[in-house]
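Trainee: Got coords_25.txt for you, compact mmCIF, C-alpha atoms:
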```
# COMPACT_ATOMS: atom_id res chain seq x y z
CA GLN A 215 32.42 -6.21 -18.15
CA VAL A 216 30.65 -2.98 -17.33
CA GLN A 217 30.91 -1.07 -14.08
CA LEU A 218 28.25 1.33 -12.84
CA VAL A 219 28.81 3.94 -10.17
CA GLU A 220 25.80 5.73 -8.71
CA SER A 221 25.71 8.94 -6.74
CA GLY A 222 23.26 11.53 -5.52
CA GLY A 223 21.12 9.72 -2.98
CA GLY A 224 20.38 11.08 0.45
CA LEU A 225 17.76 12.30 2.88
CA VAL A 226 15.18 14.84 1.77
CA GLN A 227 11.88 16.12 3.07
CA ALA A 228 8.63 15.35 1.29
CA GLY A 229 8.15 17.71 -1.61
CA GLY A 230 11.87 18.08 -2.15
CA SER A 231 14.10 17.06 -5.01
CA LEU A 232 17.13 14.89 -5.62
CA ARG A 233 19.17 14.09 -8.70
CA LEU A 234 20.76 10.68 -9.11
CA SER A 235 23.66 10.02 -11.46
CA CYS A 236 25.06 6.76 -12.77
CA ALA A 237 28.29 6.59 -14.73
CA ALA A 238 29.06 3.49 -16.80
CA SER A 239 32.54 2.34 -17.73
CA GLY A 240 34.04 -0.70 -19.37
CA SER A 241 33.12 -2.61 -22.50
CA MET A 242 29.70 -1.67 -23.85
CA PHE A 243 27.96 -1.21 -27.14
CA SER A 244 26.95 2.28 -28.22
CA THR A 245 23.41 0.97 -28.61
CA ASN A 246 22.21 0.18 -25.13
CA ALA A 247 19.53 0.92 -22.61
CA MET A 248 19.94 2.34 -19.15
CA GLY A 249 17.50 2.65 -16.35
CA TRP A 250 16.73 3.02 -12.69
CA HIS A 251 15.02 0.53 -10.46
CA ARG A 252 14.22 0.77 -6.77
CA GLN A 253 13.70 -1.60 -3.91
CA ALA A 254 12.02 -0.73 -0.66
CA PRO A 255 12.46 -2.93 2.43
CA GLY A 256 10.50 -6.15 2.10
CA LYS A 257 9.47 -5.40 -1.47
CA GLN A 258 10.62 -6.50 -4.88
CA ARG A 259 12.86 -4.41 -7.10
CA ASP A 260 10.72 -2.44 -9.54
CA LEU A 261 11.42 -0.38 -12.62
CA VAL A 262 11.34 3.38 -12.08
CA ALA A 263 12.41 4.69 -15.48
CA HIS A 264 14.22 3.50 -18.58
CA ILE A 265 15.93 5.25 -21.49
CA THR A 266 17.45 3.90 -24.69
CA SER A 267 20.55 5.25 -26.36
CA GLY A 268 18.19 6.83 -28.87
CA GLY A 269 16.41 8.72 -26.12
CA SER A 270 13.15 6.79 -25.86
CA THR A 271 11.85 6.72 -22.31
CA ASN A 272 9.29 4.99 -20.18
CA TYR A 273 8.28 5.47 -16.55
CA ALA A 274 6.47 3.67 -13.80
CA ASP A 275 3.01 5.15 -13.35
CA SER A 276 3.85 6.10 -9.77
CA VAL A 277 6.58 8.53 -10.88
CA LYS A 278 5.17 9.97 -14.10
CA GLY A 279 5.15 13.74 -14.01
CA ARG A 280 7.54 13.86 -11.06
CA PHE A 281 10.69 12.05 -12.24
CA THR A 282 12.69 12.64 -15.40
CA ILE A 283 15.32 10.30 -16.80
CA SER A 284 18.00 11.60 -19.15
CA ARG A 285 21.39 10.54 -20.39
CA ASP A 286 24.63 11.90 -21.75
CA ASN A 287 25.91 9.38 -24.28
CA ALA A 288 29.30 11.06 -24.54
CA LYS A 289 29.79 10.51 -20.80
CA ASN A 290 27.98 7.14 -20.63
CA THR A 291 25.97 8.62 -17.79
CA VAL A 292 22.30 8.42 -16.94
CA TYR A 293 20.48 10.79 -14.61
CA LEU A 294 17.25 10.65 -12.65
CA GLN A 295 15.79 13.98 -11.62
CA MET A 296 13.29 13.37 -8.85
CA ASN A 297 10.90 16.15 -7.90
CA SER A 298 7.93 16.32 -5.55
CA LEU A 299 9.33 13.40 -3.60
CA LYS A 300 7.00 11.42 -1.36
CA PRO A 301 7.75 9.17 1.60
CA GLU A 302 6.73 6.20 -0.53
CA ASP A 303 9.65 6.96 -2.84
CA THR A 304 11.98 5.85 -0.06
CA ALA A 305 14.07 2.95 -1.35
CA VAL A 306 17.47 1.88 -2.56
CA TYR A 307 17.79 3.03 -6.15
CA TYR A 308 19.77 0.87 -8.55
CA CYS A 309 21.14 1.80 -11.93
CA LYS A 310 21.07 -0.81 -14.69
CA ILE A 311 22.50 -1.03 -18.19
CA ILE A 312 21.57 -3.55 -20.86
CA THR A 313 24.22 -3.94 -23.51
CA GLY A 314 25.24 -6.79 -25.76
CA GLY A 315 22.46 -8.95 -24.42
CA ARG A 316 23.67 -8.65 -20.84
CA GLN A 317 22.58 -6.54 -17.93
CA TYR A 318 24.70 -5.01 -15.22
CA TRP A 319 23.69 -3.39 -11.96
CA GLY A 320 25.16 -0.66 -9.82
CA GLN A 321 25.66 -1.03 -6.10
CA GLY A 322 22.61 1.08 -5.23
CA THR A 323 22.12 4.42 -3.54
CA GLN A 324 19.74 5.09 -0.67
CA VAL A 325 16.99 7.65 -1.06
CA THR A 326 15.03 8.51 2.07
CA VAL A 327 12.07 10.88 2.02
CA SER A 328 10.85 12.09 5.38
CA SER A 329 7.27 13.21 5.97
```
As C-alpha cells, how would this structure be written, given the file I've shared?
Mentor:
Amino acid sequence: QVQLVESGGGLVQAGGSLRLSCAASGSMFSTNAMGWHRQAPGKQRDLVAHITSGGSTNYADSVKGRFTISRDNAKNTVYLQMNSLKPEDTAVYYCKIITGGRQYWGQGTQVTVSS
C-alpha cells in the first residue's frame, strides 16, 4: 500500500502562484511515475502533469508554460509549481503515483482562483 498526502492548495487571485506538494509513503518501487490531475465541478478528472522517476515530464496543453512539475526522489515527493493562475484552473487537484502496476490517489487539495 502507498499513501499520498497533498498540501499547498488554497485561494489565490488570477495571475498569482501556488505550489502543491505530495509526499508518498509505504511500499513502492524506486521506478515509478507521479503526477497531478484535477477535477472541476461537473467535469471529469484530467491529467495536469506527469513525471517519471527518471525525470521525464509531460503536461496538459492548458498548463504548458505556466505549471512546472518536479520531484525529489529521496523524499518521495512531487511538486507542482503553478504560476499565472487563471480562474479556469479552479479545481480539486489530486496527486497520483503509479508503482508496481498499481495506481494510488491522494485525497485531493482545493485550488480556487478568483478573477
Trainee: Do you know which residues are at most 12 Å from Asp260 (chain A) counting all atoms listed in the file, after dropping those on the same chain fewer than 3 positions away, and could you put them as a PyMOL selection string?
Mentor: chain A and resi 249-254+257+263-264+273-277+303+305-310
Trainee: Kindly save the residues from that selection, with C-alpha atoms included, as a CSV table (one decimal), in the coordinates of the input.
Mentor:
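What follows is the written file again.csv:
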```csv
chain,number,residue,atom,x,y,z
A,249,GLY,CA,17.5,2.6,-16.4
A,250,TRP,CA,16.7,3.0,-12.7
A,251,HIS,CA,15.0,0.5,-10.5
A,252,ARG,CA,14.2,0.8,-6.8
A,253,GLN,CA,13.7,-1.6,-3.9
A,254,ALA,CA,12.0,-0.7,-0.7
A,257,LYS,CA,9.5,-5.4,-1.5
A,263,ALA,CA,12.4,4.7,-15.5
A,264,HIS,CA,14.2,3.5,-18.6
A,273,TYR,CA,8.3,5.5,-16.6
A,274,ALA,CA,6.5,3.7,-13.8
A,275,ASP,CA,3.0,5.2,-13.4
A,276,SER,CA,3.8,6.1,-9.8
A,277,VAL,CA,6.6,8.5,-10.9
A,303,ASP,CA,9.6,7.0,-2.8
A,305,ALA,CA,14.1,3.0,-1.4
A,306,VAL,CA,17.5,1.9,-2.6
A,307,TYR,CA,17.8,3.0,-6.2
A,308,TYR,CA,19.8,0.9,-8.6
A,309,CYS,CA,21.1,1.8,-11.9
A,310,LYS,CA,21.1,-0.8,-14.7
```
Trainee: So the first atom is CA of Arg280 (chain A) and the second is CA of Gly222 (chain A); what is the distance between them in Å, to one decimal place?
Mentor: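 Atom-to-atom, CA of Arg280 (chain A) to CA of Gly222 (chain A), that is 16.8 Å.
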Trainee: Nearest to Thr304 (chain A): which of A:Val325, A:Ile265, A:Ser235, A:Gly223 is it, counting all atoms listed in the file?
Mentor: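 Distance minimum relative to Thr304 (chain A) lands on A:Val325.
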Trainee: Just need the box for region 270-285 of chain A, edges along x, y and z, holding every atom the file lists for it with 3 Å tacked onto each side, so centre and edge lengths in Å to one decimal, as lines of an AutoDock Vina configuration file.
Mentor:
```
center_x = 12.2
center_y = 8.8
center_z = -17.8
size_x = 24.4
size_y = 16.2
size_z = 22.1
```
Trainee: Which residue, A:Ala237, A:Tyr318, A:Met296, A:Asn287, has the smallest gap to Ser221 (chain A) when you use all atoms listed in the file?
Mentor: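 Once distances to Ser221 (chain A) are computed over all atoms listed in the file, the minimum belongs to A:Ala237.
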